[in-house]
$ cat model-v1.cif   # mmCIF, C-alpha atoms and all ligand atoms
data_model
#
loop_
_atom_site.label_atom_id
_atom_site.label_comp_id
_atom_site.auth_asym_id
_atom_site.auth_seq_id
_atom_site.Cartn_x
_atom_site.Cartn_y
_atom_site.Cartn_z
CA MET A 20 -30.21 -27.56 -17.75
CA SER A 21 -29.46 -25.23 -14.91
CA ASP A 22 -31.40 -25.54 -11.72
CA THR A 23 -31.31 -22.29 -9.83
CA THR A 24 -32.86 -23.77 -6.72
CA THR A 25 -29.81 -25.95 -6.24
CA ASP A 26 -27.41 -23.18 -7.27
CA LEU A 27 -28.62 -20.70 -4.72
CA PRO A 28 -27.83 -22.61 -1.54
CA LEU A 29 -24.35 -23.17 -2.91
CA ILE A 30 -23.85 -19.45 -3.17
CA PHE A 31 -25.16 -18.80 0.30
CA ASP A 32 -23.28 -21.72 1.80
CA ALA A 33 -19.97 -20.48 0.47
CA PRO A 34 -17.69 -20.02 3.45
CA ARG A 35 -17.77 -16.42 4.53
CA ARG A 36 -14.61 -14.89 5.78
CA ALA A 37 -14.98 -13.33 9.15
CA LYS A 38 -14.05 -9.67 9.07
CA PRO A 39 -10.79 -8.66 10.70
CA PRO A 40 -11.31 -7.67 14.35
CA ARG A 41 -12.21 -4.03 14.82
CA HIS A 42 -9.20 -1.85 15.62
CA LEU A 43 -8.71 1.72 16.75
CA ALA A 44 -7.08 2.44 13.39
CA ASP A 45 -10.29 1.48 11.58
CA LEU A 46 -12.10 4.32 13.29
CA SER A 47 -12.16 8.08 12.90
CA PRO A 48 -11.62 10.07 16.11
CA ALA A 49 -15.38 10.59 16.41
CA GLU A 50 -16.05 6.88 15.94
CA ARG A 51 -13.47 6.07 18.61
CA ARG A 52 -15.27 8.25 21.11
CA LYS A 53 -18.54 6.50 20.31
CA ALA A 54 -16.86 3.14 20.70
CA MET A 55 -15.54 4.17 24.12
CA VAL A 56 -18.97 5.22 25.26
CA ALA A 57 -20.36 1.91 23.99
CA LEU A 58 -17.73 0.21 26.15
CA GLY A 59 -19.06 2.09 29.15
CA GLU A 60 -16.16 4.51 29.32
CA PRO A 61 -15.92 8.28 29.11
CA ALA A 62 -15.34 9.48 25.56
CA PHE A 63 -12.02 11.14 26.42
CA ARG A 64 -10.42 7.74 26.88
CA ALA A 65 -10.46 7.43 23.08
CA ARG A 66 -7.82 10.11 22.91
CA GLN A 67 -5.76 8.47 25.64
CA LEU A 68 -5.81 5.15 23.82
CA SER A 69 -5.01 6.88 20.52
CA ALA A 70 -1.99 8.56 22.10
CA HIS A 71 -0.70 5.20 23.28
CA TYR A 72 -1.07 3.66 19.87
CA PHE A 73 -0.19 6.47 17.47
CA SER A 74 2.21 8.59 19.53
CA ARG A 75 3.87 6.10 21.84
CA LEU A 76 3.41 3.12 19.49
CA ILE A 77 2.41 0.84 22.34
CA ASP A 78 -0.39 -1.67 22.56
CA ASP A 79 0.68 -3.32 25.81
CA PRO A 80 -2.02 -2.46 28.36
CA ALA A 81 0.45 -2.74 31.25
CA ARG A 82 2.15 0.42 30.02
CA MET A 83 -1.05 2.45 29.74
CA THR A 84 -0.72 3.87 33.20
CA ASP A 85 -3.10 6.75 32.66
CA LEU A 86 -5.98 4.29 32.21
CA PRO A 87 -7.60 2.73 35.28
CA ALA A 88 -5.71 -0.48 35.96
CA ALA A 89 -8.90 -2.50 35.99
CA ASP A 90 -9.90 -1.33 32.50
CA ARG A 91 -6.63 -1.43 30.60
CA GLU A 92 -6.76 -4.95 29.31
CA ARG A 93 -10.40 -4.74 28.44
CA LEU A 94 -10.01 -1.53 26.44
CA ALA A 95 -6.86 -2.66 24.69
CA GLY A 96 -8.54 -5.98 23.97
CA ALA A 97 -11.57 -4.24 22.49
CA LEU A 98 -9.76 -1.65 20.38
CA LEU A 99 -6.16 -2.77 19.91
CA PRO A 100 -6.39 -6.43 18.92
CA ARG A 101 -3.27 -7.87 17.34
CA LEU A 102 -4.07 -7.88 13.62
CA LEU A 103 -0.74 -8.96 12.15
CA THR A 104 1.52 -11.74 13.33
CA PRO A 105 5.02 -11.78 11.88
CA VAL A 106 5.78 -15.06 10.14
CA ARG A 107 9.19 -14.27 8.70
CA THR A 108 11.51 -11.33 8.19
CA GLN A 109 14.26 -11.08 5.60
CA GLN A 110 16.98 -8.45 5.45
CA ALA A 111 19.13 -6.99 2.73
CA ASP A 112 21.35 -3.95 2.13
CA GLY A 113 23.08 -4.28 5.50
CA CYS A 114 19.74 -4.78 7.25
CA THR A 115 18.43 -1.42 6.07
CA THR A 116 15.89 -3.19 3.86
CA VAL A 117 13.57 -5.44 5.83
CA LYS A 118 10.77 -7.48 4.31
CA THR A 119 8.20 -8.92 6.69
CA LEU A 120 5.66 -11.61 5.92
CA TRP A 121 2.56 -11.19 8.05
CA ARG A 122 -0.28 -13.53 8.85
CA MET A 123 -3.69 -11.99 9.44
CA HIS A 124 -6.45 -13.28 11.68
CA ASP A 125 -7.87 -15.59 9.01
CA GLY A 126 -4.53 -16.97 7.86
CA ALA A 127 -4.23 -14.70 4.82
CA LEU A 128 -0.64 -13.58 4.20
CA VAL A 129 0.72 -10.20 3.14
CA GLU A 130 4.13 -8.57 2.98
CA SER A 131 5.53 -5.15 3.77
CA VAL A 132 8.99 -3.72 3.16
CA LEU A 133 10.91 -1.15 5.18
CA MET A 134 13.63 0.73 3.31
CA ARG A 135 16.00 3.01 5.15
CA TYR A 136 17.93 5.61 3.19
CA PRO A 137 20.33 8.22 4.55
CA ASP A 138 17.64 10.89 4.52
CA ARG A 139 14.35 9.01 4.84
CA VAL A 140 12.60 5.78 5.71
CA THR A 141 10.00 4.42 3.34
CA MET A 142 7.46 1.76 4.28
CA CYS A 143 6.01 -0.09 1.32
CA VAL A 144 2.67 -1.51 2.43
CA SER A 145 0.10 -3.96 1.11
CA SER A 146 -3.56 -3.01 0.79
CA GLN A 147 -5.00 -6.38 -0.26
CA ALA A 148 -4.07 -10.01 0.25
CA GLY A 149 -3.27 -10.88 -3.34
CA CYS A 150 -4.46 -8.70 -6.21
CA GLY A 151 -7.21 -8.98 -8.79
CA MET A 152 -5.57 -6.89 -11.50
CA ALA A 153 -3.69 -9.80 -13.12
CA CYS A 154 -0.76 -7.89 -14.58
CA PRO A 155 1.28 -10.74 -16.08
CA PHE A 156 4.73 -9.41 -15.09
CA CYS A 157 3.84 -8.97 -11.40
CA ALA A 158 4.19 -11.83 -8.92
CA THR A 159 1.27 -10.63 -6.82
CA GLY A 160 -1.00 -10.52 -9.85
CA GLN A 161 -0.45 -14.21 -10.55
CA GLY A 162 -2.19 -15.48 -7.44
CA GLY A 163 -5.42 -13.54 -7.76
CA LEU A 164 -7.23 -11.63 -5.03
CA GLN A 165 -7.88 -13.23 -1.67
CA ARG A 166 -9.37 -10.33 0.20
CA ASN A 167 -9.27 -6.67 1.02
CA MET A 168 -7.32 -5.58 4.07
CA SER A 169 -8.92 -3.40 6.74
CA ALA A 170 -7.62 0.09 7.48
CA GLY A 171 -6.27 -1.25 10.76
CA GLU A 172 -4.36 -4.02 9.00
CA ILE A 173 -2.83 -1.50 6.60
CA VAL A 174 -1.86 0.94 9.36
CA GLU A 175 -0.39 -1.83 11.51
CA GLN A 176 2.29 -2.43 8.87
CA VAL A 177 3.45 1.16 9.26
CA VAL A 178 3.21 1.10 13.04
CA ALA A 179 5.30 -2.07 13.09
CA GLY A 180 7.98 -0.30 11.05
CA ALA A 181 7.78 2.75 13.28
CA ARG A 182 8.26 0.53 16.34
CA ALA A 183 11.30 -1.16 14.83
CA LEU A 184 12.86 2.23 14.10
CA ALA A 185 11.98 3.68 17.48
CA SER A 186 13.52 0.75 19.31
CA GLY A 187 16.77 0.80 17.37
CA ASP A 188 16.13 -2.49 15.54
CA VAL A 189 17.14 -0.97 12.20
CA PRO A 190 20.82 0.00 11.71
CA GLY A 191 21.39 3.74 11.52
CA GLY A 192 20.18 4.82 14.94
CA LEU A 193 16.73 5.63 16.17
CA GLY A 194 14.46 6.75 13.40
CA ARG A 195 10.96 7.41 12.18
CA VAL A 196 8.91 6.47 9.16
CA SER A 197 8.88 9.44 6.81
CA ASN A 198 7.26 7.96 3.70
CA VAL A 199 4.60 5.37 3.02
CA VAL A 200 4.03 3.95 -0.44
CA PHE A 201 1.00 1.83 -1.27
CA MET A 202 3.11 -0.27 -3.60
CA GLY A 203 3.02 -3.59 -1.85
CA MET A 204 0.48 -6.26 -2.61
CA GLY A 205 -2.88 -5.26 -3.98
CA GLU A 206 -4.56 -2.48 -5.90
CA PRO A 207 -5.18 0.27 -3.33
CA LEU A 208 -7.97 1.97 -5.24
CA ALA A 209 -9.87 -1.33 -5.47
CA ASN A 210 -10.04 -1.23 -1.66
CA TYR A 211 -10.87 2.43 -1.57
CA SER A 212 -12.52 3.08 1.78
CA ALA A 213 -10.02 1.09 3.84
CA VAL A 214 -7.11 2.70 2.01
CA LEU A 215 -8.56 6.14 2.52
CA GLY A 216 -9.13 5.41 6.20
CA ALA A 217 -5.52 4.26 6.45
CA VAL A 218 -4.30 7.41 4.68
CA ARG A 219 -6.22 9.52 7.19
CA ARG A 220 -4.79 7.59 10.13
CA LEU A 221 -1.28 8.02 8.71
CA THR A 222 -1.63 11.73 8.06
CA ASP A 223 -3.89 12.91 10.91
CA PRO A 224 -1.81 14.79 13.46
CA ALA A 225 -0.96 12.95 16.66
CA PRO A 226 -2.62 11.66 18.71
CA ASP A 227 -5.45 11.06 16.22
CA GLY A 228 -2.99 9.55 13.76
CA LEU A 229 0.70 9.10 13.02
CA GLY A 230 1.12 12.65 11.78
CA LEU A 231 3.01 11.87 8.57
CA SER A 232 3.08 14.49 5.86
CA ALA A 233 0.56 13.68 3.13
CA ARG A 234 3.26 14.51 0.63
CA GLY A 235 5.22 11.58 1.92
CA VAL A 236 2.36 9.18 1.18
CA THR A 237 2.08 7.72 -2.31
CA VAL A 238 -0.92 5.80 -3.59
CA SER A 239 -0.13 3.76 -6.68
CA THR A 240 -2.81 2.53 -9.06
CA VAL A 241 -3.22 0.58 -12.27
CA GLY A 242 -5.57 3.36 -13.34
CA LEU A 243 -9.04 2.91 -11.82
CA VAL A 244 -10.22 6.19 -13.29
CA PRO A 245 -13.36 6.93 -11.24
CA ARG A 246 -11.43 6.25 -8.04
CA MET A 247 -8.60 8.52 -9.14
CA HIS A 248 -11.11 11.35 -9.49
CA GLN A 249 -12.61 10.47 -6.13
CA LEU A 250 -9.18 10.57 -4.50
CA ALA A 251 -8.51 13.98 -6.01
CA ASP A 252 -11.73 15.24 -4.40
CA GLU A 253 -10.75 14.07 -0.91
CA ASN A 254 -8.51 17.08 -0.46
CA ILE A 255 -5.60 15.13 1.00
CA PRO A 256 -2.49 16.00 -0.98
CA VAL A 257 -1.09 12.49 -1.24
CA THR A 258 1.12 11.69 -4.19
CA LEU A 259 -0.51 9.64 -6.92
CA ALA A 260 1.41 7.14 -9.00
CA LEU A 261 -0.03 5.66 -12.17
CA SER A 262 1.39 2.32 -13.29
CA LEU A 263 1.34 2.93 -17.02
CA HIS A 264 4.02 0.62 -18.44
CA ALA A 265 3.04 1.35 -22.05
CA PRO A 266 2.00 4.51 -23.92
CA ASP A 267 -0.20 2.64 -26.42
CA ASP A 268 -3.38 0.63 -25.83
CA GLU A 269 -2.32 -2.33 -27.88
CA LEU A 270 0.55 -3.16 -25.53
CA ARG A 271 -1.03 -1.85 -22.34
CA ASP A 272 -4.08 -4.09 -22.87
CA GLU A 273 -1.65 -6.96 -22.45
CA LEU A 274 0.54 -5.62 -19.63
CA VAL A 275 -2.18 -4.03 -17.51
CA PRO A 276 -5.42 -5.85 -18.31
CA VAL A 277 -7.64 -3.19 -16.72
CA ASN A 278 -6.61 -1.04 -19.70
CA THR A 279 -9.43 -2.66 -21.64
CA ARG A 280 -11.77 -0.88 -19.22
CA TRP A 281 -9.94 2.48 -18.88
CA ASN A 282 -7.42 3.05 -21.62
CA VAL A 283 -4.17 4.99 -21.75
CA ARG A 284 -5.86 8.28 -22.63
CA GLU A 285 -8.42 7.99 -19.85
CA ALA A 286 -5.87 6.93 -17.25
CA VAL A 287 -3.38 9.67 -18.16
CA GLU A 288 -6.14 12.24 -18.28
CA ALA A 289 -7.26 11.25 -14.78
CA ALA A 290 -3.66 11.51 -13.58
CA TRP A 291 -3.38 14.95 -15.14
CA ALA A 292 -6.67 16.01 -13.53
CA TYR A 293 -5.32 14.81 -10.19
CA ALA A 294 -2.23 16.96 -10.61
CA ALA A 295 -4.26 19.93 -11.77
CA LEU A 296 -6.56 19.76 -8.74
CA THR A 297 -4.06 18.87 -6.04
CA ARG A 298 -1.00 20.63 -7.47
CA ARG A 299 0.89 17.48 -6.66
CA ARG A 300 3.20 16.13 -9.32
CA VAL A 301 2.01 12.73 -10.49
CA SER A 302 4.40 9.86 -10.99
CA ILE A 303 4.15 7.59 -14.02
CA GLU A 304 5.50 4.13 -13.23
CA TYR A 305 7.05 2.26 -16.13
CA ALA A 306 8.67 -1.15 -15.63
CA MET A 307 11.30 -1.56 -18.32
CA MET A 308 10.89 -4.92 -20.11
CA HIS A 309 13.46 -5.99 -22.65
CA GLY A 310 12.06 -5.86 -26.19
CA VAL A 311 8.51 -5.37 -24.89
CA ASN A 312 8.01 -1.73 -23.94
CA ASP A 313 11.54 -0.28 -23.98
CA GLN A 314 11.87 0.74 -27.65
CA ALA A 315 13.04 4.27 -28.41
CA TRP A 316 9.84 5.01 -30.32
CA ARG A 317 7.80 4.14 -27.25
CA ALA A 318 9.83 6.63 -25.21
CA ASP A 319 8.95 9.29 -27.79
CA LEU A 320 5.30 8.28 -27.78
CA LEU A 321 5.20 8.30 -23.97
CA ALA A 322 6.69 11.79 -23.88
CA ASP A 323 4.19 12.99 -26.50
CA VAL A 324 1.22 11.52 -24.63
CA LEU A 325 2.29 13.18 -21.39
CA ARG A 326 3.28 16.47 -23.00
CA SER A 327 -0.09 16.72 -24.72
CA TYR A 328 -1.44 17.71 -21.28
CA GLY A 329 0.98 20.58 -20.93
CA ASP A 330 4.48 21.04 -19.69
CA TRP A 331 3.89 22.78 -16.38
CA GLY A 332 5.67 20.06 -14.47
CA TRP A 333 2.57 18.03 -13.64
CA VAL A 334 4.27 14.70 -14.20
CA HIS A 335 7.47 12.79 -13.94
CA VAL A 336 8.36 9.33 -15.13
CA ASN A 337 9.82 6.74 -12.82
CA LEU A 338 11.38 3.87 -14.73
CA ILE A 339 11.57 0.59 -12.82
CA PRO A 340 14.09 -1.98 -14.00
CA LEU A 341 11.95 -5.10 -14.28
CA ASN A 342 12.39 -7.31 -11.26
CA PRO A 343 12.40 -11.02 -11.96
CA THR A 344 9.31 -13.00 -10.98
CA PRO A 345 8.91 -16.77 -11.04
CA GLY A 346 7.92 -18.17 -14.41
CA SER A 347 7.87 -14.80 -16.11
CA ALA A 348 8.96 -14.70 -19.73
CA TRP A 349 10.07 -11.09 -19.46
CA THR A 350 13.49 -9.78 -18.60
CA ALA A 351 14.86 -6.38 -17.67
CA SER A 352 15.96 -3.96 -20.36
CA ASP A 353 19.57 -3.68 -21.44
CA PRO A 354 21.30 -0.75 -19.75
CA ALA A 355 21.94 0.88 -23.14
CA ASP A 356 18.23 0.71 -24.03
CA GLU A 357 17.33 2.09 -20.64
CA ARG A 358 19.74 4.99 -21.07
CA GLU A 359 18.34 5.80 -24.49
CA PHE A 360 14.78 5.66 -23.11
CA VAL A 361 15.72 8.13 -20.37
CA ARG A 362 17.53 10.36 -22.83
CA ARG A 363 14.53 10.58 -25.16
CA LEU A 364 12.10 11.40 -22.40
CA GLN A 365 14.39 14.07 -21.01
CA ALA A 366 15.05 15.47 -24.48
CA LYS A 367 11.31 16.11 -24.73
CA GLY A 368 11.32 17.79 -21.34
CA VAL A 369 9.84 15.00 -19.23
CA PRO A 370 11.59 14.66 -15.86
CA THR A 371 12.67 11.04 -15.54
CA THR A 372 14.26 8.97 -12.81
CA VAL A 373 15.25 5.31 -12.62
CA ARG A 374 14.14 3.57 -9.46
CA ASP A 375 16.62 1.58 -7.44
CA THR A 376 16.07 -2.13 -7.13
CA ARG A 377 16.25 -2.34 -3.36
CA GLY A 378 15.32 -5.63 -1.90
CA GLN A 379 15.60 -7.59 -5.14
CA ASP A 380 17.67 -10.34 -3.58
CA ILE A 381 14.98 -10.97 -0.95
CA ASP A 382 12.14 -10.79 -3.49
CA GLY A 383 11.13 -7.56 -1.83
CA ALA A 384 11.30 -5.27 -4.82
CA CYS A 385 8.42 -4.00 -6.95
CA GLY A 386 6.22 -6.75 -8.24
CA GLN A 387 7.98 -9.48 -6.29
CA LEU A 388 5.72 -9.69 -3.26
CA ALA A 389 3.89 -12.98 -3.36
CA ALA A 390 3.61 -13.88 0.32
CA ALA A 391 4.63 -17.50 -0.11
CA PRO A 392 5.78 -18.81 3.27
CA GLU A 393 8.73 -21.15 3.58
CA PRO A 394 7.29 -24.49 4.66
CA ASP A 395 9.41 -24.43 7.83
CA ALA A 396 8.66 -20.84 8.67
CA ILE A 397 4.93 -20.77 9.09
CA GLU A 398 4.91 -20.79 12.86
CA PRO A 399 4.30 -17.41 14.43
CA ALA A 400 7.54 -15.65 15.29
CA ALA A 401 5.94 -13.58 18.02
CA PRO A 402 4.45 -14.46 21.36
CA GLU A 403 0.76 -15.14 21.39
CA ARG A 404 -1.49 -12.22 22.02
CA ARG A 405 -2.22 -11.36 25.58
CA THR A 406 -5.40 -12.78 26.99
CA VAL A 407 -8.18 -10.37 27.68
CA ARG A 408 -9.61 -10.54 31.14
CA GLU A 409 -13.11 -9.48 31.95
CA ARG A 410 -13.38 -6.35 33.98
CA PRO A 411 -13.73 -7.35 37.61
CA GLY A 412 -17.25 -6.88 38.78
CA ALA A 413 -18.58 -6.22 35.29
N1 LIG B 501 -1.56 -2.20 -7.92
C1 LIG B 501 -0.87 -0.94 -7.72
C2 LIG B 501 0.06 -1.00 -6.56
C3 LIG B 501 1.24 -1.94 -6.74
S1 LIG B 501 2.61 -0.93 -6.95
C4 LIG B 501 -0.15 -0.58 -9.00
O1 LIG B 501 -0.04 -1.41 -9.87
O2 LIG B 501 0.23 0.57 -9.14
C5 LIG B 501 3.79 -1.97 -7.55
C6 LIG B 501 4.51 -1.29 -8.71
O3 LIG B 501 5.49 -2.21 -9.17
C7 LIG B 501 3.56 -1.04 -9.86
O4 LIG B 501 3.97 0.09 -10.58
C8 LIG B 501 3.77 -2.29 -10.66
O5 LIG B 501 3.34 -2.15 -11.98
C9 LIG B 501 5.25 -2.48 -10.54
N2 LIG B 501 5.67 -3.85 -10.82
C10 LIG B 501 4.93 -4.97 -10.79
N3 LIG B 501 5.67 -6.04 -11.12
C11 LIG B 501 6.91 -5.58 -11.35
C12 LIG B 501 8.13 -6.21 -11.71
N4 LIG B 501 8.20 -7.52 -11.89
N5 LIG B 501 9.21 -5.43 -11.86
C13 LIG B 501 9.15 -4.10 -11.65
N6 LIG B 501 8.04 -3.45 -11.31
C14 LIG B 501 6.93 -4.19 -11.16
#

$ encode --input "model-v1.cif" --output "structure tokens"
Amino acid sequence: MSDTTTDLPLIFDAPRRAKPPRHLADLSPAERRKAMVALGEPAFRARQLSAHYFSRLIDDPARMTDLPAADRERLAGALLPRLLTPVRTQQADGCTTVKTLWRMHDGALVESVLMRYPDRVTMCVSSQAGCGMACPFCATGQGGLQRNMSAGEIVEQVVAGARALASGDVPGGLGRVSNVVFMGMGEPLANYSAVLGAVRRLTDPAPDGLGLSARGVTVSTVGLVPRMHQLADENIPVTLALSLHAPDDELRDELVPVNTRWNVREAVEAAWAYAALTRRRVSIEYAMMHGVNDQAWRADLLADVLRSYGDWGWVHVNLIPLNPTPGSAWTASDPADEREFVRRLQAKGVPTTVRDTRGQDIDGACGQLAAAPEPDAIEPAAPERRTVRERPGA
């Protein structure tokens, strides 16, 4: 017999996670001005603080010399709290691939990966701690969802990368972040408003945001169809990636469980509609799994499914060699099978690329981010946050 009167308090007593501290990057420019006024400051200080954070990449109040000395710490403390503390960094590819494990204010862990190429720098960022989508071949999917990240927490990953590049910490000379891919931990479209806020902060021109080109920002999704339509309507020409992994529902139901809610047809149609509205070519992600989804007939079927929406260049396929994850039964495709898969797609006129496996040896490649700290590495690697002093006389 169930007794609801005893169930209810249990629900309400469940520990509630405190929200991440409010950060400048959570707020639109208008909201920042309101926040300044609420702090007893003139609204124009919002722009000054934004310039420090987004243009100069600083959050150290001592360097904010255009703010009254007596107010610097208080304003930085109120709007630029430290959201991410580095726990561990790992490097590969001659230090041009850097994976960072971050701890957030409540102890939740996430990872981001910086990848420097000759012509660009890509930051792969997380949007959730964990992930609720449960794709069985993905390490993140195995641990379930812990919580959504705030826009500020998402943006901070990019700002941290930008700082490392601007200070010469990454081999190859001073540099800038040119691309951001929401392909770290989490399902971005399941944390829609924070992800959209982060996209705006990344693409708004300085000093309101980091001023990245929207074309350099890619949002990847398992196929949350209503959110894909919503994103198309936002009028920000970010690139959309759809993690398809199978052209048929029978297999995709297994590989991407949300397929039982929105199937292959619906997901591909939403991707096509995104391309039609934004005129941005959509990317179809397809992790190649030996004997699972890499058969020649599936390449043909995939090409037919995509081509059924027209051949005006709305789509390209990005094959990802499966990266190993702990305990996974699946292995990467044989090179010969992969080549044949590519050949068949291209023969049917579908542009196809094979993604590199950067970061694989540091578990930093696609689907390998699991945010498990080494037992001896869980102490913060950075100095504690500055203390915030009260404004004298306030
Ligand atoms: N949840 C979003 C964002 C994560 S992106 C999404 O699924 O699109 C991470 C990409 O890597 C996705 O395309 C995902 O399917 C793929 N991936 C996951 N595990 C992988 C693995 N073990 N090897 C290769 N790619 C993998």

$ axis_aligned_box --input "model-v1.cif" --around "ligand LIG 501 (chain B)" --padding-each-side "6 Å" --output "lines of an AutoDock Vina configuration file"
center_x = 3.8
center_y = -3.5
center_z = -9.3
size_x = 22.8
size_y = 20.1
size_z = 17.4

$ atom_distance --input "model-v1.cif" --atom1 "atom CA of A:Leu133" --atom2 "atom CA of A:Ala170"
18.7 Å

$ atom_distance --input "model-v1.cif" --atom1 "atom CA of A:Val129" --atom2 "atom CA of A:Ala390"
5.5 Å

$ closest_atom_pairs --input "model-v1.cif" --of "chain A" --to "ligand LIG 501 (chain B)" --cutoff "8 Å" --atoms "all atoms listed in the file" --output "JSON lines"
{"residue": "A:Cys150", "atom": "CA", "partner": "B:LIG501", "partner_atom": "N1", "distance": 7.3}
{"residue": "A:Met152", "atom": "CA", "partner": "B:LIG501", "partner_atom": "N1", "distance": 7.1}
{"residue": "A:Cys154", "atom": "CA", "partner": "B:LIG501", "partner_atom": "C10", "distance": 7.4}
{"residue": "A:Phe156", "atom": "CA", "partner": "B:LIG501", "partner_atom": "N4", "distance": 5.1}
{"residue": "A:Cys157", "atom": "CA", "partner": "B:LIG501", "partner_atom": "N3", "distance": 3.5}
{"residue": "A:Ala158", "atom": "CA", "partner": "B:LIG501", "partner_atom": "N3", "distance": 6.4}
{"residue": "A:Thr159", "atom": "CA", "partner": "B:LIG501", "partner_atom": "N3", "distance": 7.7}
{"residue": "A:Phe201", "atom": "CA", "partner": "B:LIG501", "partner_atom": "C2", "distance": 6.1}
{"residue": "A:Met202", "atom": "CA", "partner": "B:LIG501", "partner_atom": "S1", "distance": 3.5}
{"residue": "A:Gly203", "atom": "CA", "partner": "B:LIG501", "partner_atom": "C3", "distance": 5.5}
{"residue": "A:Met204", "atom": "CA", "partner": "B:LIG501", "partner_atom": "C3", "distance": 6.0}
{"residue": "A:Gly205", "atom": "CA", "partner": "B:LIG501", "partner_atom": "N1", "distance": 5.2}
{"residue": "A:Glu206", "atom": "CA", "partner": "B:LIG501", "partner_atom": "N1", "distance": 3.6}
{"residue": "A:Pro207", "atom": "CA", "partner": "B:LIG501", "partner_atom": "C1", "distance": 6.3}
{"residue": "A:Val238", "atom": "CA", "partner": "B:LIG501", "partner_atom": "C2", "distance": 7.5}
{"residue": "A:Ser239", "atom": "CA", "partner": "B:LIG501", "partner_atom": "O2", "distance": 4.0}
{"residue": "A:Thr240", "atom": "CA", "partner": "B:LIG501", "partner_atom": "O2", "distance": 3.6}
{"residue": "A:Val241", "atom": "CA", "partner": "B:LIG501", "partner_atom": "O1", "distance": 4.5}
{"residue": "A:Gly242", "atom": "CA", "partner": "B:LIG501", "partner_atom": "O2", "distance": 7.7}
{"residue": "A:Ala260", "atom": "CA", "partner": "B:LIG501", "partner_atom": "O2", "distance": 6.7}
{"residue": "A:Leu261", "atom": "CA", "partner": "B:LIG501", "partner_atom": "O2", "distance": 5.9}
{"residue": "A:Ser262", "atom": "CA", "partner": "B:LIG501", "partner_atom": "O4", "distance": 4.4}
{"residue": "A:Leu263", "atom": "CA", "partner": "B:LIG501", "partner_atom": "O5", "distance": 7.4}
{"residue": "A:His264", "atom": "CA", "partner": "B:LIG501", "partner_atom": "O5", "distance": 7.1}
{"residue": "A:Glu304", "atom": "CA", "partner": "B:LIG501", "partner_atom": "O4", "distance": 5.1}
{"residue": "A:Tyr305", "atom": "CA", "partner": "B:LIG501", "partner_atom": "O4", "distance": 6.7}
{"residue": "A:Ala306", "atom": "CA", "partner": "B:LIG501", "partner_atom": "N6", "distance": 4.9}
{"residue": "A:Met307", "atom": "CA", "partner": "B:LIG501", "partner_atom": "C13", "distance": 7.5}
{"residue": "A:Ile339", "atom": "CA", "partner": "B:LIG501", "partner_atom": "C13", "distance": 5.4}
{"residue": "A:Pro340", "atom": "CA", "partner": "B:LIG501", "partner_atom": "C13", "distance": 5.9}
{"residue": "A:Leu341", "atom": "CA", "partner": "B:LIG501", "partner_atom": "N5", "distance": 3.7}
{"residue": "A:Asn342", "atom": "CA", "partner": "B:LIG501", "partner_atom": "N5", "distance": 3.7}
{"residue": "A:Pro343", "atom": "CA", "partner": "B:LIG501", "partner_atom": "N4", "distance": 5.5}
{"residue": "A:Thr344", "atom": "CA", "partner": "B:LIG501", "partner_atom": "N4", "distance": 5.7}
{"residue": "A:Ala384", "atom": "CA", "partner": "B:LIG501", "partner_atom": "C13", "distance": 7.3}
{"residue": "A:Cys385", "atom": "CA", "partner": "B:LIG501", "partner_atom": "O3", "distance": 4.1}
{"residue": "A:Gly386", "atom": "CA", "partner": "B:LIG501", "partner_atom": "N3", "distance": 3.0}
{"residue": "A:Gln387", "atom": "CA", "partner": "B:LIG501", "partner_atom": "N4", "distance": 5.9}

$ write_last_selection --input "model-v1.cif" --atoms "C-alpha atoms" --output "CSV table (one decimal), in the frame of the given file"
chain,number,residue,atom,x,y,z
A,150,CYS,CA,-4.5,-8.7,-6.2
A,152,MET,CA,-5.6,-6.9,-11.5
A,154,CYS,CA,-0.8,-7.9,-14.6
A,156,PHE,CA,4.7,-9.4,-15.1
A,157,CYS,CA,3.8,-9.0,-11.4
A,158,ALA,CA,4.2,-11.8,-8.9
A,159,THR,CA,1.3,-10.6,-6.8
A,201,PHE,CA,1.0,1.8,-1.3
A,202,MET,CA,3.1,-0.3,-3.6
A,203,GLY,CA,3.0,-3.6,-1.8
A,204,MET,CA,0.5,-6.3,-2.6
A,205,GLY,CA,-2.9,-5.3,-4.0
A,206,GLU,CA,-4.6,-2.5,-5.9
A,207,PRO,CA,-5.2,0.3,-3.3
A,238,VAL,CA,-0.9,5.8,-3.6
A,239,SER,CA,-0.1,3.8,-6.7
A,240,THR,CA,-2.8,2.5,-9.1
A,241,VAL,CA,-3.2,0.6,-12.3
A,242,GLY,CA,-5.6,3.4,-13.3
A,260,ALA,CA,1.4,7.1,-9.0
A,261,LEU,CA,0.0,5.7,-12.2
A,262,SER,CA,1.4,2.3,-13.3
A,263,LEU,CA,1.3,2.9,-17.0
A,264,HIS,CA,4.0,0.6,-18.4
A,304,GLU,CA,5.5,4.1,-13.2
A,305,TYR,CA,7.0,2.3,-16.1
A,306,ALA,CA,8.7,-1.2,-15.6
A,307,MET,CA,11.3,-1.6,-18.3
A,339,ILE,CA,11.6,0.6,-12.8
A,340,PRO,CA,14.1,-2.0,-14.0
A,341,LEU,CA,12.0,-5.1,-14.3
A,342,ASN,CA,12.4,-7.3,-11.3
A,343,PRO,CA,12.4,-11.0,-12.0
A,344,THR,CA,9.3,-13.0,-11.0
A,384,ALA,CA,11.3,-5.3,-4.8
A,385,CYS,CA,8.4,-4.0,-7.0
A,386,GLY,CA,6.2,-6.8,-8.2
A,387,GLN,CA,8.0,-9.5,-6.3
